[in-house]
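Worksheet: the structure to be examined is printed underneath.
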Amino acid sequence: MNDSDIALRLSAWWEAHARDLPWRFGRATPWGVLVSEVMSQQTQMSRVVPYWQEWMNRWPDARALAAAPKAEVITAWGRLGYPRRALRLQECARVVSEEYSDELPHTYDALIALPGIGDYTASAVLSFAFGQRVAVIDTNIRRVLSRVFTGVESRGGSASPAERALANRMLPESVKRSVTWNQSVMELGAVICTAKSPLCDICPIASGCAFLKADRPGLGERRTRPRQRFQGTDRQVRGLVLAALRELPAHETLARKNVASIWKDQVQLDACIASLDDDGLVEMLPDGSLRLPH
DNA sequence: TTCCAGCTAC
DNA sequence: GTAGCGGGAA
């Protein structure tokens, strides 16, 4: 199977099996696509769908999100994780509505300059929302291209120059095909060519895969840096603090004694509250009570 | 345990 | 280059 065959098979597989996500198939505005990408950073799409529906229903465009109270934005982010993304998305909305007349810019340089938008998200918006020919490089595409064309697992950390070169080399010349390529390679990585248990039996390009041909060397070995434990970490404590604040009726504050009961270790708790305050996710009042920012 | 459509600050 | 950042699911 040559490169062209692989692209054709993937394209056919995409047509038949693409998940019916609500921001796909031209049903979302460019802003809606961007929101879906930000919500999907380090987060499974299946978890994103209900949040995205609710979010876009409430704030259909950048202008609407820019005008929303911070507390509502943080609350609406719910349990998606990495709540700083919510604040950055709102900052992004502010820039887009004020500097770009509520229309997302169409260039990589302008997109990547927006808060919370990095290389992946900028490229994804250009390809998926604007139909431009750009190599999209995320964890799925890195894994799939590396396996299929190099026969080895991609490594953790940021994409290497070799991986970027590979992604650019394999990107079809045709603008339209390049978009389908990005979509289908990423989708294959998400549902077939997964990290730990790839379903090679039902993979449409198994017969052209160097990784399978080599008997899947190194499958299951740890490729990323060891994860920080969650129990007892600042991340858990920050999550507990925010969860407590989200439960409050709008505009209410959490009294100091209730704040203290969130976590046993008061030193760690205070440090976490300070970092949340730094991030702009909470506000500390002089009397020691706490609330979501306005 | 690892991984998940990453970004940012250091 | 890498630590820190949530929370859920396999």
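A note on labels: chains of the structure tokens are A, B, ... as shown, every chain counts residues from 1, and ligands are counted from 1 in their shown order.
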Report the closest atom pair, with its distance in Å rounded to one decimal, for each residue of chain C that has an atom no farther than 12 Å from segment 5-8 of chain B; count only C-alpha atoms (C1' of nucleotides), sort by chain and then rising residue number, and write it as a Markdown table.
| residue | atom | partner | partner_atom | distance |
| --- | --- | --- | --- | --- |
| C:DT2 | C1' | B:DT8 | C1' | 11.5 |
| C:DA3 | C1' | B:DT8 | C1' | 10.6 |
| C:DG4 | C1' | B:DT8 | C1' | 9.3 |
| C:DC5 | C1' | B:DC7 | C1' | 9.5 |
Name the residues in contact with DG1 of chain C at a cut-off of 12 Å, using only C-alpha atoms (C1' of nucleotides), excluding same-chain residues fewer than 4 positions from it; report them as a PyMOL selection string. (chain A and resi 156-160) or (chain B and resi 10)
Residues of chain A within 12 Å of chain C, counting only C-alpha atoms (C1' of nucleotides), what are they? List them as a compact mmCIF listing (two decimals) with N, CA, C and O atoms, in the first residue's frame.
# COMPACT_ATOMS: atom_id res chain seq x y z
N GLN A 41 -8.58 20.20 24.90
CA GLN A 41 -7.17 20.11 25.28
C GLN A 41 -7.04 19.20 26.50
O GLN A 41 -7.54 19.50 27.57
N GLN A 42 -6.36 18.09 26.34
CA GLN A 42 -6.14 17.13 27.42
C GLN A 42 -7.44 16.58 28.00
O GLN A 42 -7.52 16.23 29.18
N THR A 43 -8.48 16.53 27.19
CA THR A 43 -9.79 16.11 27.68
C THR A 43 -10.50 15.29 26.61
O THR A 43 -10.55 15.71 25.45
N GLN A 44 -11.03 14.12 26.97
CA GLN A 44 -11.70 13.28 25.99
C GLN A 44 -12.93 13.97 25.40
O GLN A 44 -13.69 14.59 26.12
N MET A 45 -13.10 13.81 24.10
CA MET A 45 -14.19 14.48 23.42
C MET A 45 -15.56 14.07 23.97
O MET A 45 -16.48 14.88 24.00
N SER A 46 -15.67 12.82 24.39
CA SER A 46 -16.97 12.36 24.89
C SER A 46 -17.40 13.17 26.10
O SER A 46 -18.59 13.40 26.33
N ARG A 47 -16.43 13.62 26.87
CA ARG A 47 -16.78 14.44 28.04
C ARG A 47 -17.08 15.88 27.63
O ARG A 47 -17.80 16.59 28.32
N VAL A 48 -16.52 16.30 26.50
CA VAL A 48 -16.66 17.69 26.08
C VAL A 48 -18.05 17.99 25.54
O VAL A 48 -18.59 19.08 25.78
N TRP A 77 -17.76 26.07 33.29
CA TRP A 77 -16.68 25.14 32.94
C TRP A 77 -16.83 23.84 33.72
O TRP A 77 -16.37 22.78 33.29
N GLY A 78 -17.50 23.94 34.88
CA GLY A 78 -17.85 22.75 35.64
C GLY A 78 -16.65 21.88 35.98
O GLY A 78 -15.64 22.35 36.46
N ARG A 79 -16.75 20.60 35.71
CA ARG A 79 -15.71 19.65 36.06
C ARG A 79 -14.90 19.22 34.84
O ARG A 79 -14.37 18.10 34.81
N LEU A 80 -14.79 20.08 33.87
CA LEU A 80 -14.01 19.74 32.68
C LEU A 80 -12.52 19.62 32.98
O LEU A 80 -11.78 18.95 32.28
N GLY A 81 -12.07 20.31 34.02
CA GLY A 81 -10.65 20.27 34.35
C GLY A 81 -9.87 21.43 33.76
O GLY A 81 -10.30 22.05 32.78
N TYR A 82 -8.71 21.70 34.34
CA TYR A 82 -7.87 22.84 33.91
C TYR A 82 -8.71 24.11 33.73
O TYR A 82 -8.83 24.63 32.63
N PRO A 83 -9.31 24.61 34.82
CA PRO A 83 -10.21 25.76 34.70
C PRO A 83 -9.54 27.03 34.20
O PRO A 83 -10.24 27.95 33.77
N ARG A 84 -8.22 27.08 34.23
CA ARG A 84 -7.57 28.27 33.65
C ARG A 84 -7.91 28.40 32.18
O ARG A 84 -7.90 29.48 31.61
N ARG A 85 -8.23 27.24 31.56
CA ARG A 85 -8.65 27.31 30.15
C ARG A 85 -9.88 28.17 29.97
O ARG A 85 -10.03 28.85 28.95
N GLY A 156 6.97 11.00 24.39
CA GLY A 156 6.29 12.06 25.11
C GLY A 156 7.00 13.39 24.90
O GLY A 156 8.02 13.46 24.21
N GLY A 157 6.48 14.44 25.50
CA GLY A 157 7.07 15.76 25.31
C GLY A 157 6.56 16.42 24.06
O GLY A 157 5.60 15.95 23.45
N SER A 158 7.19 17.50 23.65
CA SER A 158 6.70 18.21 22.47
C SER A 158 7.15 17.51 21.20
O SER A 158 8.07 16.69 21.22
N ALA A 159 6.49 17.84 20.11
CA ALA A 159 6.79 17.19 18.83
C ALA A 159 8.21 17.50 18.39
O ALA A 159 8.66 18.64 18.45
N SER A 160 8.92 16.49 17.94
CA SER A 160 10.29 16.68 17.48
C SER A 160 10.27 17.27 16.07
O SER A 160 9.27 17.17 15.36
N THR A 194 -5.22 3.61 19.17
CA THR A 194 -5.10 4.22 20.50
C THR A 194 -3.75 3.89 21.12
O THR A 194 -3.02 3.01 20.64
N ALA A 195 -3.44 4.58 22.19
CA ALA A 195 -2.10 4.46 22.77
C ALA A 195 -1.81 3.06 23.30
O ALA A 195 -0.80 2.46 22.96
N LYS A 196 -2.72 2.55 24.13
CA LYS A 196 -2.41 1.31 24.83
C LYS A 196 -2.93 0.06 24.14
O LYS A 196 -2.29 -0.98 24.20
N SER A 197 -4.10 0.16 23.53
CA SER A 197 -4.72 -1.02 22.92
C SER A 197 -5.21 -0.75 21.51
O SER A 197 -6.42 -0.73 21.27
N THR A 224 5.32 8.77 28.18
CA THR A 224 5.24 10.12 28.71
C THR A 224 5.94 10.20 30.05
O THR A 224 6.28 9.18 30.65
N ARG A 225 6.18 11.40 30.52
CA ARG A 225 6.80 11.53 31.84
C ARG A 225 5.87 10.95 32.89
O ARG A 225 4.66 10.99 32.74
N PRO A 226 6.42 10.41 33.95
CA PRO A 226 5.58 9.85 35.01
C PRO A 226 4.62 10.91 35.52
O PRO A 226 4.98 12.06 35.72
N ARG A 227 3.39 10.50 35.69
CA ARG A 227 2.37 11.46 36.13
C ARG A 227 2.50 11.77 37.60
O ARG A 227 2.81 10.90 38.40
N GLN A 228 2.25 13.03 37.88
CA GLN A 228 2.15 13.44 39.26
C GLN A 228 0.96 12.73 39.90
O GLN A 228 -0.09 12.62 39.29
N ARG A 229 1.13 12.21 41.08
CA ARG A 229 -0.02 11.64 41.80
C ARG A 229 -1.06 12.71 41.97
O ARG A 229 -0.74 13.87 42.10
N PHE A 230 -2.32 12.28 42.04
CA PHE A 230 -3.38 13.28 42.20
C PHE A 230 -3.75 13.46 43.67
O PHE A 230 -3.87 14.58 44.16
N GLN A 231 -3.91 12.33 44.38
CA GLN A 231 -4.29 12.40 45.79
C GLN A 231 -3.29 13.25 46.58
O GLN A 231 -2.10 12.99 46.58
N THR A 233 -2.31 16.28 46.09
CA THR A 233 -1.58 17.31 45.39
C THR A 233 -2.31 18.65 45.42
O THR A 233 -3.49 18.72 45.74
N ASP A 234 -1.58 19.69 45.07
CA ASP A 234 -2.19 21.01 44.96
C ASP A 234 -3.34 20.98 43.95
O ASP A 234 -4.32 21.70 44.10
N ARG A 235 -3.18 20.15 42.94
CA ARG A 235 -4.25 20.10 41.93
C ARG A 235 -5.56 19.64 42.55
O ARG A 235 -6.62 20.16 42.24
N GLN A 236 -5.45 18.63 43.42
CA GLN A 236 -6.67 18.16 44.07
C GLN A 236 -7.25 19.25 44.97
O GLN A 236 -8.46 19.49 44.96
N VAL A 237 -6.39 19.92 45.73
CA VAL A 237 -6.87 20.93 46.66
C VAL A 237 -7.49 22.10 45.91
O VAL A 237 -8.57 22.59 46.26
N ARG A 238 -6.83 22.53 44.85
CA ARG A 238 -7.39 23.62 44.03
C ARG A 238 -8.77 23.21 43.49
O ARG A 238 -9.70 24.01 43.47
N GLY A 239 -8.85 21.96 43.06
CA GLY A 239 -10.13 21.47 42.55
C GLY A 239 -11.22 21.50 43.61
O GLY A 239 -12.36 21.87 43.33
N LEU A 240 -10.85 21.12 44.83
CA LEU A 240 -11.84 21.12 45.92
C LEU A 240 -12.31 22.54 46.24
O LEU A 240 -13.49 22.77 46.48
N LEU A 242 -12.35 25.18 44.23
CA LEU A 242 -13.22 25.67 43.16
C LEU A 242 -14.58 24.98 43.18
O LEU A 242 -15.61 25.61 42.95
N ALA A 243 -14.57 23.69 43.48
CA ALA A 243 -15.84 22.95 43.52
C ALA A 243 -16.74 23.54 44.60
O ALA A 243 -17.95 23.70 44.40
N CYS A 272 -2.66 27.05 48.00
CA CYS A 272 -3.50 26.79 46.83
C CYS A 272 -4.46 27.94 46.57
O CYS A 272 -4.70 28.31 45.41
N SER A 275 -2.57 30.62 44.93
CA SER A 275 -2.28 30.36 43.51
C SER A 275 -3.54 30.51 42.66
O SER A 275 -3.49 30.99 41.53
N LEU A 276 -4.68 30.12 43.23
CA LEU A 276 -5.94 30.33 42.52
C LEU A 276 -6.21 31.82 42.35
O LEU A 276 -6.70 32.27 41.30
N ASP A 279 -4.08 33.13 39.64
CA ASP A 279 -4.63 32.77 38.33
C ASP A 279 -5.87 33.57 37.97
O ASP A 279 -6.34 33.53 36.83
Write down as a PyMOL selection string the residues of segment 21-184 of chain A whose backbone DSSP state falls under helix (DSSP H, G or I). chain A and resi 30-39+45-58+62-67+70-77+84-99+108-112+119-129+139-150+161-170+175-184
If you count only C-alpha atoms (C1' of nucleotides), which residues fall within 8 Å of Glu283 of chain A, apart from same-chain ones fewer than 5 positions away, as a PDB file with C-alpha atoms, in the first residue's frame?
ATOM      1  CA  ASP A 277      -6.052  34.041  43.311  1.00  0.00           C
ATOM      2  CA  LEU A 290     -13.632  33.537  49.379  1.00  0.00           C
ATOM      3  CA  ARG A 291     -15.682  33.964  46.225  1.00  0.00           C
ATOM      4  CA  LEU A 292     -15.576  33.537  42.481  1.00  0.00           C
ATOM      5  CA  PRO A 293     -14.354  36.687  40.712  1.00  0.00           C
TER       6      PRO A 293
END
